[in-house]
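Colleague: This is the content of query.pdb (PDB, C-alpha atoms):
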ATOM      1  CA  MET A   1      90.547  24.825-168.059
ATOM      2  CA  ILE A   2      86.905  24.201-167.299
ATOM      3  CA  GLU A   3      85.952  23.644-163.656
ATOM      4  CA  GLY A   4      84.950  20.059-162.950
ATOM      5  CA  ILE A   5      85.775  18.755-166.436
ATOM      6  CA  GLY A   6      88.823  16.570-166.879
ATOM      7  CA  VAL A   7      90.732  15.575-169.966
ATOM      8  CA  THR A   8      88.884  12.240-169.988
ATOM      9  CA  ASP A   9      85.537  13.907-170.735
ATOM     10  CA  PHE A  10      86.985  15.560-173.839
ATOM     11  CA  LEU A  11      88.456  12.265-174.953
ATOM     12  CA  VAL A  12      85.110  10.493-174.498
ATOM     13  CA  VAL A  13      83.285  13.086-176.630
ATOM     14  CA  SER A  14      85.900  12.969-179.383
ATOM     15  CA  THR A  15      86.001   9.154-179.343
ATOM     16  CA  ILE A  16      82.229   8.935-179.790
ATOM     17  CA  MET A  17      82.443  11.437-182.638
ATOM     18  CA  PHE A  18      85.297   9.492-184.265
ATOM     19  CA  PHE A  19      83.439   6.190-184.267
ATOM     20  CA  VAL A  20      80.187   7.771-185.441
ATOM     21  CA  GLY A  21      82.245   9.070-188.365
ATOM     22  CA  MET A  22      83.656   5.581-188.946
ATOM     23  CA  TYR A  23      80.121   4.144-188.919
ATOM     24  CA  GLY A  24      79.016   6.681-191.529
ATOM     25  CA  PHE A  25      82.107   5.929-193.587
ATOM     26  CA  ILE A  26      81.196   2.235-193.713
ATOM     27  CA  VAL A  27      77.412   2.528-194.111
ATOM     28  CA  ARG A  28      76.963   5.384-196.546
ATOM     29  CA  LYS A  29      77.144   4.952-200.307
ATOM     30  CA  ASN A  30      76.937   8.554-201.489
ATOM     31  CA  LEU A  31      80.377  10.121-201.954
ATOM     32  CA  ILE A  32      79.401  13.438-200.349
ATOM     33  CA  THR A  33      78.122  11.770-197.185
ATOM     34  CA  ILE A  34      81.371   9.782-197.008
ATOM     35  CA  LEU A  35      83.227  13.096-197.232
ATOM     36  CA  MET A  36      81.101  14.429-194.351
ATOM     37  CA  SER A  37      82.027  11.386-192.262
ATOM     38  CA  VAL A  38      85.705  12.067-192.925
ATOM     39  CA  GLU A  39      85.200  15.654-191.747
ATOM     40  CA  LEU A  40      83.679  14.319-188.514
ATOM     41  CA  VAL A  41      86.726  12.117-187.953
ATOM     42  CA  LEU A  42      89.168  14.988-188.579
ATOM     43  CA  ASN A  43      87.227  17.254-186.239
ATOM     44  CA  SER A  44      87.256  14.686-183.429
ATOM     45  CA  VAL A  45      91.024  14.363-183.729
ATOM     46  CA  ASN A  46      91.284  18.157-183.444
ATOM     47  CA  ILE A  47      89.370  18.079-180.158
ATOM     48  CA  ASN A  48      91.871  15.499-178.887
ATOM     49  CA  PHE A  49      94.863  17.693-179.763
ATOM     50  CA  VAL A  50      93.313  20.729-178.102
ATOM     51  CA  ALA A  51      92.391  18.846-174.925
ATOM     52  CA  PHE A  52      95.889  17.369-174.570
ATOM     53  CA  ASN A  53      97.447  20.794-175.138
ATOM     54  CA  LYS A  54      95.225  22.533-172.612
ATOM     55  CA  TYR A  55      95.261  19.956-169.829
ATOM     56  CA  LEU A  56      98.583  18.139-170.013
ATOM     57  CA  TYR A  57     101.032  20.698-171.492
ATOM     58  CA  PRO A  58      99.490  24.124-170.890
ATOM     59  CA  ASP A  59     102.809  25.971-171.291
ATOM     60  CA  LEU A  60     103.348  24.857-174.905
ATOM     61  CA  LEU A  61     101.505  25.519-178.157
ATOM     62  CA  GLN A  62     102.005  22.205-179.913
ATOM     63  CA  GLY A  63      98.433  20.834-179.975
ATOM     64  CA  TYR A  64      97.147  24.253-180.927
ATOM     65  CA  MET A  65      99.436  24.558-183.951
ATOM     66  CA  ILE A  66      98.799  20.994-185.085
ATOM     67  CA  SER A  67      95.036  21.671-184.917
ATOM     68  CA  LEU A  68      95.499  24.729-187.124
ATOM     69  CA  PHE A  69      97.428  22.660-189.669
ATOM     70  CA  VAL A  70      94.822  19.888-189.556
ATOM     71  CA  ILE A  71      92.077  22.416-190.275
ATOM     72  CA  GLY A  72      94.031  23.720-193.273
ATOM     73  CA  ILE A  73      94.657  20.224-194.637
ATOM     74  CA  ALA A  74      90.987  19.305-194.148
ATOM     75  CA  ALA A  75      89.930  22.327-196.196
ATOM     76  CA  ALA A  76      92.365  21.428-199.018
ATOM     77  CA  GLU A  77      91.209  17.811-198.960
ATOM     78  CA  ALA A  78      87.526  18.832-199.131
ATOM     79  CA  ALA A  79      88.184  21.090-202.132
ATOM     80  CA  VAL A  80      90.004  18.380-204.107
ATOM     81  CA  ALA A  81      87.463  15.711-203.128
ATOM     82  CA  ILE A  82      84.549  17.847-204.267
ATOM     83  CA  ALA A  83      86.274  18.586-207.581
ATOM     84  CA  ILE A  84      86.684  14.828-208.124
ATOM     85  CA  ILE A  85      83.047  14.196-207.112
ATOM     86  CA  LEU A  86      81.795  16.778-209.628
ATOM     87  CA  ASN A  87      83.890  15.185-212.369
ATOM     88  CA  VAL A  88      82.601  11.712-211.499
ATOM     89  CA  TYR A  89      79.028  13.003-211.575
ATOM     90  CA  ARG A  90      79.596  14.515-214.999
ATOM     91  CA  LYS A  91      80.998  11.269-216.396
ATOM     92  CA  LEU A  92      78.754   8.683-214.712
ATOM     93  CA  GLN A  93      75.567  10.645-213.822
ATOM     94  CA  GLY A  94      75.690   9.390-210.264
ATOM     95  CA  ILE A  95      77.932   9.580-207.215
ATOM     96  CA  ASP A  96      77.153   6.286-205.484
ATOM     97  CA  VAL A  97      80.270   4.267-204.827
ATOM     98  CA  GLU A  98      79.009   1.101-206.528
ATOM     99  CA  HIS A  99      78.760   2.900-209.872
ATOM    100  CA  ILE A 100      82.395   3.900-209.778
ATOM    101  CA  ASN A 101      84.135   0.795-211.099
ATOM    102  CA  THR A 102      85.328   1.851-214.528
ATOM    103  CA  MET A 103      88.971   1.826-213.407
ATOM    104  CA  LYS A 104      88.663  -1.619-211.841
ATOM    105  CA  HIS A 105      89.674  -3.778-214.832
TER     106      HIS A 105
ATOM    107  CA  MET B   1      77.952  26.350-164.472
ATOM    108  CA  GLU B   2      80.715  25.916-167.050
ATOM    109  CA  ALA B   3      80.537  22.154-166.593
ATOM    110  CA  ILE B   4      76.824  22.228-167.417
ATOM    111  CA  ILE B   5      77.503  24.200-170.600
ATOM    112  CA  PHE B   6      80.222  21.709-171.538
ATOM    113  CA  TYR B   7      77.833  18.782-171.032
ATOM    114  CA  ILE B   8      75.163  20.490-173.160
ATOM    115  CA  LEU B   9      77.713  21.070-175.945
ATOM    116  CA  ALA B  10      78.982  17.498-175.696
ATOM    117  CA  LEU B  11      75.419  16.180-175.934
ATOM    118  CA  ALA B  12      74.778  18.414-178.965
ATOM    119  CA  ILE B  13      77.962  17.137-180.632
ATOM    120  CA  VAL B  14      77.060  13.492-180.079
ATOM    121  CA  VAL B  15      73.400  13.840-181.118
ATOM    122  CA  PHE B  16      74.105  15.908-184.223
ATOM    123  CA  SER B  17      76.966  13.708-185.391
ATOM    124  CA  VAL B  18      74.708  10.662-185.138
ATOM    125  CA  MET B  19      72.054  12.564-187.078
ATOM    126  CA  THR B  20      74.668  13.521-189.703
ATOM    127  CA  VAL B  21      75.394   9.906-190.545
ATOM    128  CA  THR B  22      71.801   8.647-190.260
ATOM    129  CA  SER B  23      69.744  11.404-191.926
ATOM    130  CA  ARG B  24      68.389  10.343-195.303
ATOM    131  CA  ASN B  25      68.092  13.887-196.620
ATOM    132  CA  ILE B  26      71.614  14.814-197.658
ATOM    133  CA  LEU B  27      71.129  18.583-197.341
ATOM    134  CA  ARG B  28      69.888  18.111-193.794
ATOM    135  CA  ALA B  29      72.933  15.987-193.045
ATOM    136  CA  ALA B  30      75.132  18.903-194.159
ATOM    137  CA  ILE B  31      73.293  21.249-191.782
ATOM    138  CA  TYR B  32      73.711  18.798-188.883
ATOM    139  CA  LEU B  33      77.426  18.696-189.706
ATOM    140  CA  LEU B  34      77.420  22.497-189.461
ATOM    141  CA  PHE B  35      75.898  22.254-185.958
ATOM    142  CA  VAL B  36      78.579  19.754-184.895
ATOM    143  CA  LEU B  37      81.366  22.045-186.097
ATOM    144  CA  MET B  38      79.856  25.085-184.380
ATOM    145  CA  ALA B  39      79.514  23.205-181.073
ATOM    146  CA  THR B  40      83.183  22.254-181.404
ATOM    147  CA  ALA B  41      84.062  25.912-181.925
ATOM    148  CA  ALA B  42      82.058  26.744-178.786
ATOM    149  CA  ILE B  43      84.152  24.229-176.825
ATOM    150  CA  TYR B  44      87.314  25.916-178.124
ATOM    151  CA  PHE B  45      85.927  29.258-176.958
ATOM    152  CA  MET B  46      85.289  27.758-173.511
ATOM    153  CA  LEU B  47      88.935  26.691-173.351
ATOM    154  CA  ASN B  48      90.042  30.281-174.177
ATOM    155  CA  TYR B  49      91.438  29.202-177.545
ATOM    156  CA  ASN B  50      89.852  32.139-179.295
ATOM    157  CA  PHE B  51      91.940  32.194-182.475
ATOM    158  CA  LEU B  52      91.489  28.478-183.065
ATOM    159  CA  ALA B  53      87.729  28.814-182.535
ATOM    160  CA  ALA B  54      87.594  31.676-185.037
ATOM    161  CA  VAL B  55      89.551  29.615-187.577
ATOM    162  CA  GLN B  56      87.223  26.678-186.967
ATOM    163  CA  LEU B  57      84.170  28.878-187.530
ATOM    164  CA  THR B  58      85.467  30.530-190.691
ATOM    165  CA  VAL B  59      87.298  27.662-192.412
ATOM    166  CA  TYR B  60      85.245  24.679-191.313
ATOM    167  CA  SER B  61      81.706  25.839-190.764
ATOM    168  CA  GLY B  62      82.062  28.716-193.180
ATOM    169  CA  GLY B  63      84.112  27.229-195.993
ATOM    170  CA  VAL B  64      83.859  23.457-195.973
ATOM    171  CA  VAL B  65      80.133  23.236-195.214
ATOM    172  CA  VAL B  66      79.303  25.787-197.918
ATOM    173  CA  LEU B  67      81.459  23.774-200.343
ATOM    174  CA  ILE B  68      79.594  20.581-199.393
ATOM    175  CA  VAL B  69      76.203  22.283-199.802
ATOM    176  CA  PHE B  70      77.244  23.512-203.260
ATOM    177  CA  ALA B  71      78.346  20.003-204.217
ATOM    178  CA  VAL B  72      75.036  18.574-202.977
ATOM    179  CA  LEU B  73      73.040  21.076-204.996
ATOM    180  CA  LEU B  74      75.128  20.397-208.103
ATOM    181  CA  THR B  75      74.847  16.618-207.912
ATOM    182  CA  ALA B  76      71.374  15.885-206.470
ATOM    183  CA  ARG B  77      67.887  17.266-206.511
ATOM    184  CA  MET B  78      66.527  19.108-203.464
ATOM    185  CA  ASP B  79      64.016  16.376-202.545
ATOM    186  CA  HIS B  80      66.442  13.552-203.279
ATOM    187  CA  LYS B  81      66.354  10.843-200.606
ATOM    188  CA  LEU B  82      69.189   8.446-200.009
ATOM    189  CA  GLU B  83      68.198   4.808-200.219
ATOM    190  CA  LYS B  84      67.578   2.847-197.044
ATOM    191  CA  VAL B  85      70.553   0.916-195.746
ATOM    192  CA  GLY B  86      70.010  -2.809-195.215
ATOM    193  CA  THR B  87      69.523  -4.033-191.643
ATOM    194  CA  GLY B  88      72.378  -6.504-191.811
ATOM    195  CA  LYS B  89      74.856  -3.885-193.014
ATOM    196  CA  THR B  90      73.692  -1.394-190.386
ATOM    197  CA  LEU B  91      74.001  -4.011-187.673
ATOM    198  CA  ILE B  92      77.488  -5.140-188.697
ATOM    199  CA  SER B  93      78.791  -1.578-189.063
ATOM    200  CA  ALA B  94      77.255  -0.507-185.750
ATOM    201  CA  LEU B  95      78.789  -3.534-184.054
ATOM    202  CA  LEU B  96      82.182  -2.734-185.582
ATOM    203  CA  ALA B  97      82.016   0.928-184.551
ATOM    204  CA  PHE B  98      80.756   0.034-181.089
ATOM    205  CA  SER B  99      83.505  -2.519-180.463
ATOM    206  CA  GLY B 100      86.121   0.021-181.505
ATOM    207  CA  LEU B 101      84.476   2.616-179.285
ATOM    208  CA  SER B 102      84.474   0.310-176.268
ATOM    209  CA  ILE B 103      88.120  -0.655-176.739
ATOM    210  CA  VAL B 104      89.209   2.988-176.944
ATOM    211  CA  LEU B 105      87.041   4.036-173.990
ATOM    212  CA  TRP B 106      88.436   1.146-171.931
ATOM    213  CA  THR B 107      91.963   2.337-172.733
ATOM    214  CA  ILE B 108      91.127   5.948-171.900
ATOM    215  CA  TYR B 109      89.567   5.102-168.553
ATOM    216  CA  GLY B 110      92.430   2.792-167.669
ATOM    217  CA  TYR B 111      95.129   5.426-168.233
ATOM    218  CA  LYS B 112      95.993   8.091-165.723
ATOM    219  CA  PHE B 113      96.754  11.394-167.427
ATOM    220  CA  ILE B 114      99.356  13.452-165.585
ATOM    221  CA  PRO B 115      99.600  17.191-166.320
ATOM    222  CA  ASN B 116     103.093  18.620-166.399
ATOM    223  CA  GLY B 117     102.065  21.251-163.869
ATOM    224  CA  MET B 118     103.421  24.314-165.644
ATOM    225  CA  ALA B 119     101.612  27.644-165.721
ATOM    226  CA  GLU B 120      99.576  28.431-168.795
ATOM    227  CA  GLY B 121     101.515  29.976-171.657
ATOM    228  CA  ALA B 122     100.426  32.758-173.956
ATOM    229  CA  TYR B 123      97.748  31.882-176.477
ATOM    230  CA  ASP B 124      97.345  35.268-178.158
ATOM    231  CA  VAL B 125      97.720  35.798-181.876
ATOM    232  CA  LYS B 126     101.165  37.344-181.429
ATOM    233  CA  ALA B 127     102.544  34.201-179.776
ATOM    234  CA  ILE B 128     100.950  32.033-182.462
ATOM    235  CA  GLY B 129     102.418  34.152-185.260
ATOM    236  CA  PHE B 130     105.919  34.125-183.778
ATOM    237  CA  SER B 131     105.715  30.388-183.188
ATOM    238  CA  MET B 132     104.469  29.772-186.713
ATOM    239  CA  LEU B 133     107.412  31.586-188.308
ATOM    240  CA  SER B 134     110.240  30.678-185.930
ATOM    241  CA  TYR B 135     112.765  27.967-186.723
ATOM    242  CA  GLY B 136     114.108  27.355-183.241
ATOM    243  CA  ASN B 137     112.644  25.033-180.603
ATOM    244  CA  TYR B 138     108.873  24.619-181.015
ATOM    245  CA  GLY B 139     108.999  26.606-184.230
ATOM    246  CA  TYR B 140     106.710  25.628-187.058
ATOM    247  CA  VAL B 141     108.191  27.264-190.125
ATOM    248  CA  LEU B 142     108.656  23.953-191.966
ATOM    249  CA  PRO B 143     105.030  22.727-191.677
ATOM    250  CA  PHE B 144     103.916  26.266-192.459
ATOM    251  CA  GLU B 145     105.825  26.300-195.749
ATOM    252  CA  VAL B 146     104.780  22.740-196.580
ATOM    253  CA  ILE B 147     101.113  23.539-196.013
ATOM    254  CA  SER B 148     101.359  26.667-198.140
ATOM    255  CA  VAL B 149     102.709  24.594-201.044
ATOM    256  CA  LEU B 150     100.015  21.969-200.381
ATOM    257  CA  LEU B 151      97.244  24.570-200.473
ATOM    258  CA  LEU B 152      98.546  25.994-203.744
ATOM    259  CA  ALA B 153      98.827  22.516-205.268
ATOM    260  CA  SER B 154      95.346  21.504-204.134
ATOM    261  CA  MET B 155      93.866  24.753-205.442
ATOM    262  CA  ILE B 156      95.420  24.270-208.899
ATOM    263  CA  GLY B 157      94.526  20.580-208.827
ATOM    264  CA  ALA B 158      90.897  21.240-207.922
ATOM    265  CA  ILE B 159      90.567  23.781-210.726
ATOM    266  CA  MET B 160      92.162  21.438-213.257
ATOM    267  CA  ILE B 161      90.066  18.439-212.199
ATOM    268  CA  ALA B 162      86.725  20.257-212.102
ATOM    269  CA  LYS B 163      87.344  22.088-215.374
ATOM    270  CA  ARG B 164      85.109  21.125-218.277
ATOM    271  CA  TYR B 165      87.193  19.991-221.236
ATOM    272  CA  THR B 166      85.704  20.761-224.630
ATOM    273  CA  LYS B 167      87.036  19.034-227.707
TER     274      LYS B 167
END
Written as C-alpha cells, that's how I'd like the structure from this file.
Modeller:
Amino acid sequence: MIEGIGVTDFLVVSTIMFFVGMYGFIVRKNLITILMSVELVLNSVNINFVAFNKYLYPDLLQGYMISLFVIGIAAAEAAVAIAIILNVYRKLQGIDVEHINTMKH
Amino acid sequence: MEAIIFYILALAIVVFSVMTVTSRNILRAAIYLLFVLMATAAIYFMLNYNFLAAVQLTVYSGGVVVLIVFAVLLTARMDHKLEKVGTGKTLISALLAFSGLSIVLWTIYGYKFIPNGMAEGAYDVKAIGFSMLSYGNYGYVLPFEVISVLLLASMIGAIMIAKRYTK
C-alpha cells in the first residue's frame, strides 16, 4: 500500500480515465482512435481490479489474476480489430465509421 | 514522498488520456496512449505488483501500441490530420461523459470501503503460477484454458481476416 493514498484515489483516477475513453468513443470517427479509446477503458478497469485487490483483500490474488486475463483479452481483441480495420481499408479506401454502411441494407 | 509520486502519475494519466482522445494527429494520439499505459505500469510497480507491471509493459505498451502504430501507418499518411469535430457534438458528448463521471464519483465518495484486515499474501511469480494452474479454491485453471483457446482462435482469425485473397 502507498502511504497516505486510499482506495478512493485510485478509483477517482480510473473513473476519469474510463469516462475520457467513453468521450473519445463517442466523438471520434476514425476506427483506430475508437480502438484506442476502448484500450483506455480496459486499462481503467484494470486499475480498479488492482486497487480493490491491494486495499480490500490483500491476502487473495483475485484482482491480480483477473487483471492478467483482461490484459490478454485486450491484446487478442486489438489484433482482431486491427485485422478487420485493414480489410475495411482495403475494400473502402477509408476507415471513417460513416463510410462503413455497405452491410446496412 | 510516495504520495507525491502517485499524484504526479495520476496527473500524467489524466492529462495524457485527455490528449489521446483530443489530439488531431493520430500518430501522436498513439504515443500519448503509450504514456498512459506506462504511467499505469508505474502505479503497479508502486503497489509492488511487479509481475503485473511487467506484463502491462510488454503486452500493452510493447505489443498493442506497436500494433496500433503499424495500423496507423498502413491506413493513413504521416501528416494526415483528423477532421475537426463539430462544437455541438463535442458539447453533447462532454456533457454525457461528465454526467456519468459525476454520478460515479458521487457513488464512490458516498461508499465506505472496508478492508478485510488480513495480512498481505504472496505476490511472487511462484504463487501466481500455482494459482493459475490449480483447480481448488481460488484456482484459475478454467479461465487459463479458455483464454488459451481464445488467443489461438483470435490469432487464426486475425490471419484469415487480414489475408489478401487473390482470384
Colleague: Closest to chain B among A:Val80, A:Leu42, A:Val50, A:Leu31, using all atoms listed in the file?
Modeller: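 Ranking A:Val80, A:Leu42, A:Val50, A:Leu31 by distance to chain B, first place goes to A:Val80.
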Colleague: Please write the residues picked by the PyMOL selection byres ((chain B and resi 64) around 12) on this file as an MDAnalysis selection string.
Modeller: (chainID A and resid 32 35:36 38:40 71:82) or (chainID B and resid 30:31 33:34 37 55:63 65:71)
Colleague: Go ahead and save the picked residues with C-alpha atoms, as an mmCIF file, in the coordinates of the input.
Modeller:
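Final output, saved to out.cif:
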data_model
loop_
_atom_site.group_PDB
_atom_site.id
_atom_site.type_symbol
_atom_site.label_atom_id
_atom_site.label_comp_id
_atom_site.auth_asym_id
_atom_site.auth_seq_id
_atom_site.Cartn_x
_atom_site.Cartn_y
_atom_site.Cartn_z
ATOM 1 C CA ILE A 32 79.401 13.438 -200.349
ATOM 2 C CA LEU A 35 83.227 13.096 -197.232
ATOM 3 C CA MET A 36 81.101 14.429 -194.351
ATOM 4 C CA VAL A 38 85.705 12.067 -192.925
ATOM 5 C CA GLU A 39 85.200 15.654 -191.747
ATOM 6 C CA LEU A 40 83.679 14.319 -188.514
ATOM 7 C CA ILE A 71 92.077 22.416 -190.275
ATOM 8 C CA GLY A 72 94.031 23.720 -193.273
ATOM 9 C CA ILE A 73 94.657 20.224 -194.637
ATOM 10 C CA ALA A 74 90.987 19.305 -194.148
ATOM 11 C CA ALA A 75 89.930 22.327 -196.196
ATOM 12 C CA ALA A 76 92.365 21.428 -199.018
ATOM 13 C CA GLU A 77 91.209 17.811 -198.960
ATOM 14 C CA ALA A 78 87.526 18.832 -199.131
ATOM 15 C CA ALA A 79 88.184 21.090 -202.132
ATOM 16 C CA VAL A 80 90.004 18.380 -204.107
ATOM 17 C CA ALA A 81 87.463 15.711 -203.128
ATOM 18 C CA ILE A 82 84.549 17.847 -204.267
ATOM 19 C CA ALA B 30 75.132 18.903 -194.159
ATOM 20 C CA ILE B 31 73.293 21.249 -191.782
ATOM 21 C CA LEU B 33 77.426 18.696 -189.706
ATOM 22 C CA LEU B 34 77.420 22.497 -189.461
ATOM 23 C CA LEU B 37 81.366 22.045 -186.097
ATOM 24 C CA VAL B 55 89.551 29.615 -187.577
ATOM 25 C CA GLN B 56 87.223 26.678 -186.967
ATOM 26 C CA LEU B 57 84.170 28.878 -187.530
ATOM 27 C CA THR B 58 85.467 30.530 -190.691
ATOM 28 C CA VAL B 59 87.298 27.662 -192.412
ATOM 29 C CA TYR B 60 85.245 24.679 -191.313
ATOM 30 C CA SER B 61 81.706 25.839 -190.764
ATOM 31 C CA GLY B 62 82.062 28.716 -193.180
ATOM 32 C CA GLY B 63 84.112 27.229 -195.993
ATOM 33 C CA VAL B 65 80.133 23.236 -195.214
ATOM 34 C CA VAL B 66 79.303 25.787 -197.918
ATOM 35 C CA LEU B 67 81.459 23.774 -200.343
ATOM 36 C CA ILE B 68 79.594 20.581 -199.393
ATOM 37 C CA VAL B 69 76.203 22.283 -199.802
ATOM 38 C CA PHE B 70 77.244 23.512 -203.260
ATOM 39 C CA ALA B 71 78.346 20.003 -204.217
#
Colleague: May I have a table of the residues of chain A lying at most 6 Å from chain B, giving each one's closest pair of atoms and their distance in Å to one decimal, counting all atoms listed in the file, ordered by chain and ascending residue number, as JSON lines?
Modeller:
{"residue": "A:Met1", "atom": "CA", "partner": "B:Leu47", "partner_atom": "CA", "distance": 5.8}
{"residue": "A:Phe19", "atom": "CA", "partner": "B:Ala97", "partner_atom": "CA", "distance": 5.5}
{"residue": "A:Tyr23", "atom": "CA", "partner": "B:Ala97", "partner_atom": "CA", "distance": 5.7}
{"residue": "A:Gly24", "atom": "CA", "partner": "B:Val21", "partner_atom": "CA", "distance": 4.9}
{"residue": "A:Leu56", "atom": "CA", "partner": "B:Pro115", "partner_atom": "CA", "distance": 3.9}
{"residue": "A:Tyr57", "atom": "CA", "partner": "B:Asn116", "partner_atom": "CA", "distance": 5.9}
{"residue": "A:Pro58", "atom": "CA", "partner": "B:Glu120", "partner_atom": "CA", "distance": 4.8}
{"residue": "A:Asp59", "atom": "CA", "partner": "B:Gly121", "partner_atom": "CA", "distance": 4.2}
{"residue": "A:Ala76", "atom": "CA", "partner": "B:Ser154", "partner_atom": "CA", "distance": 5.9}
{"residue": "A:Val80", "atom": "CA", "partner": "B:Ala158", "partner_atom": "CA", "distance": 4.9}
{"residue": "A:Ala83", "atom": "CA", "partner": "B:Ala162", "partner_atom": "CA", "distance": 4.8}
{"residue": "A:Asn87", "atom": "CA", "partner": "B:Ala162", "partner_atom": "CA", "distance": 5.8}
Colleague: When the PyMOL selection byres ((chain A and resi 8-12) around 7) is applied to the structure above, which residues does it catch, written out as a PyMOL selection string?
Modeller: (chain A and resi 5-7+13-16+48+51) or (chain B and resi 105+108)
Colleague: Applied to the shown file, which residues does the PyMOL selection byres ((chain A and resi 44) around 6) return, written as a PyMOL selection string?
Modeller: chain A and resi 14+17-18+41-43+45-47
Colleague: Pick out the residues sitting within 7 Å of segment 63-65 of chain A, and hand them over as a VMD selection string; count all atoms listed in the file, and ignore anything fewer than 6 positions along from it in its own chain.
Modeller: chain A and resid 49 to 50 52 to 53
